[in-house]
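Peer 1: First the structure, then my questions, so here it is.
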There are 4 protein chains.
Amino acid sequence: MAARLIDGFATTAALADVFSDAAVLRAMLRFEAALARAQAGIGMIPASAAAAIGQVERIEAGALAEEARESASLAVPFVKALTARVRESDPAAAGFVHWGATSQDVLDTALVLLLREARATLARDQERLERRLRELSEEHAATVMLARTVLQPAAPTTFGYKAAGWFGAARRSWRGWERAFEEGLQLQFGGAAGTLAAYGSRGPELAAALARELELPMAAAPWHSHRDGMAAVVAHAGIYCGALAKIARDVALLMQAEVGEVAERGGGSSAMPGKRNPAGSVVALAATATVPGMVAGYLGAMAQEHERAAGGWQAEWPMVAGVVQAAGSALAAVADTMGGLTVNGERMRANLAAAGGAAFAEKAAMLLAGRLGRTEAQKKVKEAMAGGSLRDGLAGVLPAEELAAIDCPEDYLGAAEIFRRRLLEE
Amino acid sequence: MAARLIDGFATTAALADVFSDAAVLRAMLRFEAALARAQAGIGMIPASAAAAIGQVERIEAGALAEEARESASLAVPFVKALTARVRESDPAAAGFVHWGATSQDVLDTALVLLLREARATLARDQERLERRLRELSEEHAATVMLARTVLQPAAPTTFGYKAAGWFGAARRSWRGWERAFEEGLQLQFGGAAGTLAAYGSRGPELAAALARELELPMAAAPWHSHRDGMAAVVAHAGIYCGALAKIARDVALLMQAEVGEVAERGGGSSAMPGKRNPAGSVVALAATATVPGMVAGYLGAMAQEHERAAGGWQAEWPMVAGVVQAAGSALAAVADTMGGLTVNGERMRANLAAAGGAAFAEKAAMLLAGRLGRTEAQKKVKEAMAGGSLRDGLAGVLPAEELAAIDCPEDYLGAAEIFRRRLLEE
Amino acid sequence: MAARLIDGFATTAALADVFSDAAVLRAMLRFEAALARAQAGIGMIPASAAAAIGQVERIEAGALAEEARESASLAVPFVKALTARVRESDPAAAGFVHWGATSQDVLDTALVLLLREARATLARDQERLERRLRELSEEHAATVMLARTVLQPAAPTTFGYKAAGWFGAARRSWRGWERAFEEGLQLQFGGAAGTLAAYGSRGPELAAALARELELPMAAAPWHSHRDGMAAVVAHAGIYCGALAKIARDVALLMQAEVGEVAERGGGSSAMPGKRNPAGSVVALAATATVPGMVAGYLGAMAQEHERAAGGWQAEWPMVAGVVQAAGSALAAVADTMGGLTVNGERMRANLAAAGGAAFAEKAAMLLAGRLGRTEAQKKVKEAMAGGSLRDGLAGVLPAEELAAIDCPEDYLGAAEIFRRRLLEE
Amino acid sequence: MAARLIDGFATTAALADVFSDAAVLRAMLRFEAALARAQAGIGMIPASAAAAIGQVERIEAGALAEEARESASLAVPFVKALTARVRESDPAAAGFVHWGATSQDVLDTALVLLLREARATLARDQERLERRLRELSEEHAATVMLARTVLQPAAPTTFGYKAAGWFGAARRSWRGWERAFEEGLQLQFGGAAGTLAAYGSRGPELAAALARELELPMAAAPWHSHRDGMAAVVAHAGIYCGALAKIARDVALLMQAEVGEVAERGGGSSAMPGKRNPAGSVVALAATATVPGMVAGYLGAMAQEHERAAGGWQAEWPMVAGVVQAAGSALAAVADTMGGLTVNGERMRANLAAAGGAAFAEKAAMLLAGRLGRTEAQKKVKEAMAGGSLRDGLAGVLPAEELAAIDCPEDYLGAAEIFRRRLLEE
C-alpha cells in the first residue's frame with residue numbers, strides 16, 4: 001500500500017526510507033531497548049530483562065496503523081507487540097518492557113531519532129549545493145547581466161553576485177535550521193504525568209542514563225505539551241524551503257525561452273518532443289509549495305491541553321515528517337539543477353543591451369542629478385527613454401565621455417563584487 | 001517503503017487503498033485505454049491499437065517515482081513504460097499510446113477518477129454518521145443538559161438539540177462538498193496547449209467520446225491552469241473537516257472526568273491501566289488539524305503560470321489526496337465514536353443543578369426585567385448570584401410560583417425542540 | 001490611529017469604509033433597532049421603547065476596542081453604551097435594549113450585514129472585470145500567440161482564448177462565491193444558549209419578524225458554533241482570489257521586457273526614471289498572498305466549543321473582513337489592469353516565430369506519427385529540433401505542402417476558438 | 001476610517017500606535033533624514049540639503065494609501081510628497097531627497113525600525129508575564145493537582161510545576177524570538193539593483209554610515225529578495241504565540257465550572273448576569289488563532305523573483321505587522337490573566353480525590369509490577385478500577401502500608417519539584 005506516487009515530489013527515496021514504517025519501528029525499538037539498558041544499568045530492572053528486550057530487532061508494521069486508531073496512540077499496540085515478542089524468548093523480561101514510560105516518551109523520542117538521521121541525510125545534499133553555488137559564483141564573478149525588479153529590467157548586476165545571493169540565503173537558512181535541530185532534538189522522558197513518578201526519586205538519574213544511551217541532549221523538563229523546540233525545527237524547515245523556492249523560481253524565470261540566460265539539464269514532455277522543461281526547479285517549487293501550510297498546521301496545534309494534548313500532539317508526525325521530506329526533495333532538486341546548470345553569458349549581455357535605457361536610466365539620472373537636481377534629472381532621462389535611446393536623448397546633455405560609456409555594464413556594478421565576496425565569506 | 005505509521009491518523013485503510021501507487025497507475029491506465037477506445041471509435045486510430053493498449057492491466061510502480069523527478073511529470077515515465085508494454089504485444093499499437101494527449105490530461109483525469117472513488121467510500125461512512133446522529137438526537141430530545149458558552153455554564157438545552165446541531169453541520173458541509181465533487185470532477189483533456197490541436201478539427205468530438213468512456217462530465221474548456229473547480233473540492237473538504245472537528249472537540253470536552261456527560265468506548269494508555277481516553281475524538285482532531293494548511297497550500301498554488309504551471313500544479317496531488325484522506329479518517333473516527341457513545345443523562349442533570357444560578361440567571365433576569373427593566377433586573381440577579389443561591393437571593397423579589405420553578409430546566413428550553421426538528425428535517 | 005499604510009494593498013478605500021469602526025457600529029445599531037422594532041411589532045416590548053432605541057443613529061467607537069478586551073466581546077461595552085444613550089432620551093426604554101439577545105446575535109448579524117454591503121461593492125468591480133475580459137477576448141479572438149507550459153514554449157494559442165480562460169475562472173469563482181454569500185449570510189439569533197428561551201415560546205415568531213426587518217434569510221437554527229455557512233464565504237473568497245492571482249501572474253509574466261506581449265499602464269519607480277512596472281498585477285498578487293493563510297485560520301477555528309467558542313469565534317472578524325477586503329483589492333487592481341492593458345500582437349507573433357520548432361514540434365510529430373508511429377515520429381522531430389530548424393530537419397520527411405505550412409500558427413489552433421466561445425457563453 | 005473594531009483582538013492600543021500610519025511615515029522620514037545626513041557626512045550631498053530634508057517632521061497620510069496602488073509602492077508617492085515639502089523650504093535640497101536609494105530601502109528599513117520599537121513594547125509585558133508566572137510557580141510549588149492527559153485524569157502533579165512549564169515555554173520562545181529580532185532587524189540598503197551602483201565605489205562606505213545613523217546592524221549584502229532574516233522574525237512570532245495559546249487554553253479549561261481550579265478576574269456577558277468568562281484567555285486564543293496563517297503566508301511569499309519580487313515582497317507588511325500585533329495582544333491578555341488569577345488549591349485536591357483510581361493507577365501498577373510483572377500488574381489494577389475503588393480492589397494484593405498511602409498525591413510527585421526548579425532556572 002505504498003503511496004509514493006500520489007505524494008508527488010514530496011520526498012526523496014532516501015528520506016522516504018528515513019520515515020518508513022520499518023524505520024519508525026526501529027526507532028521505537030531503539031528507545032525501548034535503551035530504556036531497558038539504562039534501567040538495568042542503575043539496577044532498576046534485571047540485566048537479563050534488558051538483554052531480552054534489546055534482542056528484538058524488528059516489529060512488523062502489520063496492522064499497527066489500524067490498531068493505533070483504537071487508542072489514538074501507536075505506542076499502545078507497539079508495546080503490546082513488543083511485550084509479546086519478548087515473552088516468547090523470556091517471559092519474565094516481558095514484564096519489564098516500557099517500564100514506567102508513557103506513549104509520548106517513546107513516540108516523541110522516536111521522532112527525534114528519525115529527525116537526527118534525516119538531518120544527516122540533508123546535510124550531504126546541502127554541502128553539495130553550497131559547493132556548487134560557490135563555484136558558480138566564483139566562475140561568474142564578472143558575468144554581467146540584468147538585475148530585474150518587479151519582473152522588469154533594473155540596473156546591471158553579475159551572475160556571480162546573484163549566485164552568491166542564493167548561496168547566502170541557502171546557507172543562512174540551513175544554519176538556522178541546524179541550530180533548531182540542535183536545540184530541539186531532545187530526549188522526551190516524563191512518564192504518565194511528566195513527573196517520572198513511576199521511578200520514585202530516581203527519575204532524573206534514569207533520564208540522564210537514557211539520554212546517554214541515545215546520545216541525546218536532555219531538556220530542563222519533559223516537553224510533552226510544550227512544543228516550542230520542535231516547532232522551531234518545523235518553522236526553520238519552512239524558512240529554508242522559502243530560500244530554496246526563491247532559487248528555483250529564479251532559475252525557472254531565467255530559463256524562459258525569451259530570456260534564455262540559464263538552462264537546466266531539463267526534463268521532457270509527454271506531448272512535445274524536444275521540449276526542455278525546468279524540471280528540477282519545478283520539483284523544488286512543487287515540493288516547497290506544501291510546506292507553509294504544514295508549518296501553520298504545526299503552529300496551530302501548539303495550544304496543547306494540559307499535560308498531553310487531545311489532538312494537537314497526535315497531529316504532529318505527518319507534518320514534521322512532511323516538512324522535512326519536502327525540504328529534502330527541494331534540496332535534492334535544486335542541488336541537481338545547479339549541478340547541471342548552463343549559464344549563457346552572451347545571452348545575458350544581449351538582454352542587457354536590449355533593455356537599453358531601462359538598465360542605465362538610474363545611472364544617467366545620477367550623473368545628471370549632480371548638476372540638475374534629482375527631479376529635473378529624472379525628467380530628462382524619462383524624456384530620453386521615451387525617445388527610444390538614452391544615448392540620443394542625452395546627447396549634448398551629458399559630457400561626451402560619460403555619454404559614450406553610458407551603457408557599459410561594467411561601469412555600473414557598484415559594490416556587486418564586494419557584496420558577492422561578503423556573502424561567500426559570511 | 002510504506003509510510004503509514006509516520007502519517008499517523010492521516011488516512012484510513014480504505015482511503016490509503018484509493019490513493020495507493022497501484023490505484024494511481026490503474027487510473028492512469030484507465031485514461032489511456034479510454035482515450036484509445038474513444039479514438040478508435042471515431043476512426044482516429046486502429047481498433048487493434050486500442051485493443052492492445054486496453055489489454056495492459058498493470059504497470060509496476062518500480063522506479064516511476066524517482067523517474068518522475070527527472071521530467072517533473074509522472075506521465076513521462078508512465079507513458080514510456082506503457083508504450084514498452086504495448087510494444088511487447090503489438091509493436092504497431094505502441095505508436096498510438098497517449099496519442100495527441102499531454103501529461104496533464106492523464107494526470108488530472110486520473111486524480112478525478114480517484115476522487116470519484118474516494119467520494120463513494122466517504123459517502124458510506126457519512127451515511128452511517130448521519131443515521132447515528134439522528135438516532136442520538138431523537139433518543140435524547142428530552143435529555144436536558146447545560147449549554148456552555150465560552151466554556152462556562154449558560155442556560156439549559158437538550159442533548160438532542162446538541163446532537164442535531166452536529167448533524168446539521170455535518171450534513172450541510174457534506175452536501176456542500178458533494179456539490180463541489182459534482183461540479184469539479186471533470187474530464188481534463190486539452191493536449192499540449194489546451195487547444196487539442198493535435199486532433200485538427202476533431203478535438204471536441206474526441207473529448208466528448210472520451211468523457212462518455214470515463215463517464216465524466218466535460219468542462220467548457222480544458223482547465224489546465226484554471227483550478228477553481230478542484231479548489232472547491234479541496235476547500236469544502238476543509239469546511240467539512242471543520243464540522244467534524246467541532247463534534248470531536250465537544251465530545252472530548254463532555255467526556256472530561258469532571259464533566260462526565262458522555263463517554264466514548266475509548267482507548268487505553270501505555271502507562272496507566274484502566275485509563276479511558278477519547279480516542280476517536282483525538283483521532284478526528286489529529287486528522288483534521290493538518291487540513292487547513294493543505295487547503296491554504298492549494299489555494300496559494302492557484303496562481304498557475306500560463307497554460308501549465310511551473311510548480312503550482314505539480315504540488316497539488318499530495319494536498320488533494322491529503323485533505324480527502326484526512327477527512328475520511330476523521331469521519332470514520334467520529335462515526336465510530338458516535339456508534340459507541342454513552343450518554344449520561346443523570347450526570348447532565350447533575351451538572352445543570354450544580355451550575356445553579358449560572359444556568360438560570362438569564363431566565364431570572366428576563367422574569368424581572370418585565371417589571372424592573374433590563375439593567376435593574378440584571379443587577380438584582382447578579383447580587384442574588386453573588387450570595388450563592390438564585391432562589392434565596394430572589395425570595396420576595398419574584399412571585400413564589402416563579403421562584404419555585406426558577407431552576408427547572410424543562411421550563412427554560414425555549415425553541416430547542418423546534419430547532420432540533422428543523423435541523424433534522426433540513 | 002488609522003493603519004491603512006501598514007496594511008499595504010490589503011484593502012480599497014471603498015471596502016475600508018465597509019468595515020470601518022463607524023460601519024461596524026452602524027450595523028450593530030441596525031440589529032438592535034430591528035430587534036426592538038420586531039419585538040414591538042409582536043407586542044413584546046412597548047412601541048415607545050422601540051422608537052427610542054431606533055433613534056440612536058450613532059455610537060462613538062471611543063474606547064470600545066479596549067473595553068471589548070475585558071469581556072472578550074465588543075457587544076458588552078456596546079450594549080452598555082447604547083443603553084446609556086437610550087436612557088438619556090427615554091429611561092424606560094433603556095430597559096429594553098438588547099432584550100433577550102446575546103452578544104453573538106448582534107455581532108454575527110452585524111458581520112452578515114457588512115458582508116452584504118461588501119458583496120454589492122465587489123459586484124460592481126466584478127461586472128467591470130467580466131465586461132473587459134470579454135472585450136479583450138473578442139477583440140483578440142484571432143491574435144495568435146505562444147501557449148507556454150512549465151514556462152517553456154508550447155504550441156500556438158490565441159490571446160482571445162487566454163483572456164476567455166481568465167474570464168471563465170473569474171466568473172465561475174465569483175459565482176461560487178455569490179452562492180456562498182447567498183447561503184451563508186443569514187440572521188444569527190439564538191439568545192444565551194441558542195434556544196431563544198428568554199422569549200418563552202415566542203422565539204421563532206420573533207426570529208422570523210427580525211429576519212424580515214433585516215431582510216435576511218433564517219437558518220434552520222442558530223449557528224453560534226456551527227460555522228460552515230460563513231466558512232464557505234471565506235473559502236470561496238480564497239478560491240476567487242486564486243483565480244485573480246492567476247490572471248495577475250500571467251500579466252506580470254507577459255509584460256516582462258523579454259516577452260513584451262502585453263503592458264499595463266504601469267507604475268513608476270522611486271529609483272529608476274521611466275521604469276514601467278506591472279503595478280496592478282503586483283497589487284493583486286500582494287493582496288491575494290495573504291488570503292490562503294486567513295482561510296486556513298478560519299477553517300482551523302471551526303472546532304468551536306459547545307454553544308459558543310472560547311477563542312475560535314472571537315478570532316473570526318479580522319479573517320473574514322480580511323479575505324473580503326483582500327479580494328476586493330485584488331479585484332480592483334485586476335479590473336484596472338485589464339482596463340488599461342495594451343496587447344502587442346506583433347510581439348506575440350514574433351515570439352512564436354522565435355520559439356521556432358518548440359511551438360510546432362507536436363504538430364510535426366502528429367503529422368509524422370500517422371506514418372511512423374508516435375515513438376519514431378517523436379525521435380525524428382527531436383533530431384530535427386536539435387539541428388536548429390524543424391523545417392530543414394524534416395525536409396524530405398514530410399510532404400512539401402505540409403512542410404511549407406509547418407510553422408503557420410493559424411493552422412494549429414485546434415479548438416481554441418470553440419473553447420473560447422464556450423467559456424464566454426458558460 | 002479606523003478599523004480597530006473589525007480587527008477584534010488583533011492588536012493592543014500600544015501596538016496599534018507602533019504600526020499606525022503616522023508611525024509608518026515617521027519611520028520612513030527617519031530613513032530619509034538619516035540617509036541625507038550620512039551622505040552629507042561623507043561629502044556626497046551638501047550639508048544644507050541634509051538639514052532641509054531632516055527638518056521635515058511629518059508627512060500627512062492623506063491619499064498616500066491610494067496613490068501607492070498606482071505604483072505598487074508606498075515609497076513612490078511618499079518620496080514625491082517629501083520632495084515637495086523639502087522644496088518649499090529649500091528648492092536645491094529637494095534634488096537630494098532619496099538620493100540614489102530605492103523604494104525597498106526605505107520601506108524595508110522603516111519596517112525594521114517599527115519592529116525594533118514593537119519589540120521594546122513587547123519586552124515590557126513579557127517581563128511582567130515571566131515575573132508573575134515565576135511567582136505563581138513558587139507560591140504553588142506544593143499545591144497538588146491532577147495532571148491531565150488527553151483530557152483525562154493522569155497522575156498527580158503540582159500547580160507550581162504546571163506554571164513553571166508555562167513559564168519555560170513562554171521564556172524559551174520569547175528568547176528565540178528575541179534572537180530572531182537581533183539577527184533579522186538589519187538595515188536594508190541596496191539601491192535599484194542591490195549593488196548601490198548609484199554611489200559608484202562609495203556604496204559600502206555610505207551604507208556603513210547610514211547603519212550608524214540608524215543604529216542598525218548591516219547584513220553581508222542587501223536582502224531585497226532574500227527574506228530569511230525577516231522570515232525568522234515572523235516564524236518565531238508564531239512559535240511564541242503557540243506557547244501563549246497553550247497557557248490560555250489550559251486556563252480556560254481549568255476555569256470550567258466543572259473543574260473550577262483557577263479563575264480569571266473574568267469578563268461578563270451581554271445576556272447572562274453574573275457570568276464570569278475566561279475573557280483574557282479568550283482574547284489570547286482569538287489573537288493567536290490568526291497567526292499560523294500569516295506565518296504561512298509569509299513563508300509562501302519567500303519565492304521572490306530576481307532582485308525585487310512582483311507581489312511576494314509587497315504582501316509582507318500586513319503579515320509582519322499582523323503577527324507582531326497579535327502576539328502582543330495575546331501577551332497582554334495572558335499577562336493580565338495571570339496577574340488576576342485565583343488558584344483554588346482545595347478544588348484541585350478535591351478533583352484529585354474524585355478522580356480516584358485514575359490518578360493512582362500507574363502508581364499501583366508500578367508497585368505491583370515489581371512482583372507480578374508489568375502485564376499482570378496492569379491487569380490487576382484494571383480490575384480493581386472496574387470495581388470502583390483502587391483501595392478495595394487491591395486489598396490483600398498490596399501490603400497494607402502501601403495500600404494506605406495509595407492515593408496520597410504527595411507520595412507520587414516524582415521529580416515534579418526538580419523539574420519545576422530547572423525550568424525556572426533555565
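In the C-alpha cells, each chain is lettered A, B, ... as it comes, each chain's residues begin at 1, and ligands are numbered from 1 in order of appearance.
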Just need the residues of chain C within 6 Å of chain B, counting only C-alpha atoms, so spit them out as a PyMOL selection string.
Peer 2: chain C and resi 95+147-150+155+193+195-197+200-201+220-221+242+245-246+250+292-293+296+299-300+302-310+373-375+412-416+419+422-423
Peer 1: Check the DSSP output for the backbone and give back, as a ChimeraX atom specification, the residues of segment 120-341 of chain D in strand (DSSP E).
Peer 2: /D:144-149,152-158,262-263
Peer 1: Take the residues that were just selected and, keeping N, CA and C atoms, output them as a compact mmCIF listing (two decimals), in the first residue's frame.
Peer 2:
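Heads up, here's the output in again-v1.txt:
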# COMPACT_ATOMS: atom_id res chain seq x y z
N VAL D 144 -0.88 20.43 45.16
CA VAL D 144 -1.05 19.25 44.30
C VAL D 144 -2.32 19.37 43.47
N MET D 145 -2.25 18.79 42.31
CA MET D 145 -3.41 18.79 41.41
C MET D 145 -3.27 17.62 40.46
N LEU D 146 -4.32 17.37 39.73
CA LEU D 146 -4.29 16.33 38.71
C LEU D 146 -3.48 16.80 37.51
N ALA D 147 -2.58 15.97 37.02
CA ALA D 147 -2.14 16.14 35.64
C ALA D 147 -3.25 15.54 34.78
N ARG D 148 -3.41 16.09 33.63
CA ARG D 148 -4.44 15.54 32.73
C ARG D 148 -3.83 15.28 31.38
N THR D 149 -4.02 14.07 30.91
CA THR D 149 -3.50 13.75 29.59
C THR D 149 -4.67 13.32 28.72
N GLN D 152 -8.03 13.56 30.15
CA GLN D 152 -8.46 12.62 31.18
C GLN D 152 -7.47 12.66 32.34
N PRO D 153 -7.94 12.31 33.52
CA PRO D 153 -7.05 12.33 34.68
C PRO D 153 -5.83 11.44 34.48
N ALA D 154 -4.69 11.97 34.81
CA ALA D 154 -3.48 11.16 34.84
C ALA D 154 -3.00 11.15 36.31
N ALA D 155 -1.73 11.08 36.52
CA ALA D 155 -1.21 11.05 37.89
C ALA D 155 -1.16 12.45 38.49
N PRO D 156 -0.84 12.59 39.76
CA PRO D 156 -0.77 13.93 40.36
C PRO D 156 0.43 14.71 39.86
N THR D 157 0.29 16.01 39.94
CA THR D 157 1.40 16.92 39.69
C THR D 157 1.20 18.10 40.63
N THR D 158 1.94 19.19 40.42
CA THR D 158 1.68 20.38 41.25
C THR D 158 1.36 21.55 40.33
N VAL D 262 -8.92 27.16 38.67
CA VAL D 262 -8.41 28.54 38.64
C VAL D 262 -9.56 29.43 38.17
N ALA D 263 -9.41 30.71 38.39
CA ALA D 263 -10.39 31.65 37.86
C ALA D 263 -9.69 32.92 37.45
Peer 1: Would you mind reading off the distance between atom CA of Ala353 of chain A and atom CA of Glu135 of chain A, one decimal, in Å?
Peer 2: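 Value for the atom CA of Ala353 of chain A-atom CA of Glu135 of chain A distance: 26.4 Å.
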Peer 1: Step one, run DSSP on the backbone; step two, keep only residues of segment 216-392 of chain C assigned to alpha helix (DSSP H); then write them as an MDAnalysis selection string.
Peer 2: chainID C and resid 228:254 279:289 291:300 316:339 345:355 357:372 374:386 390:392
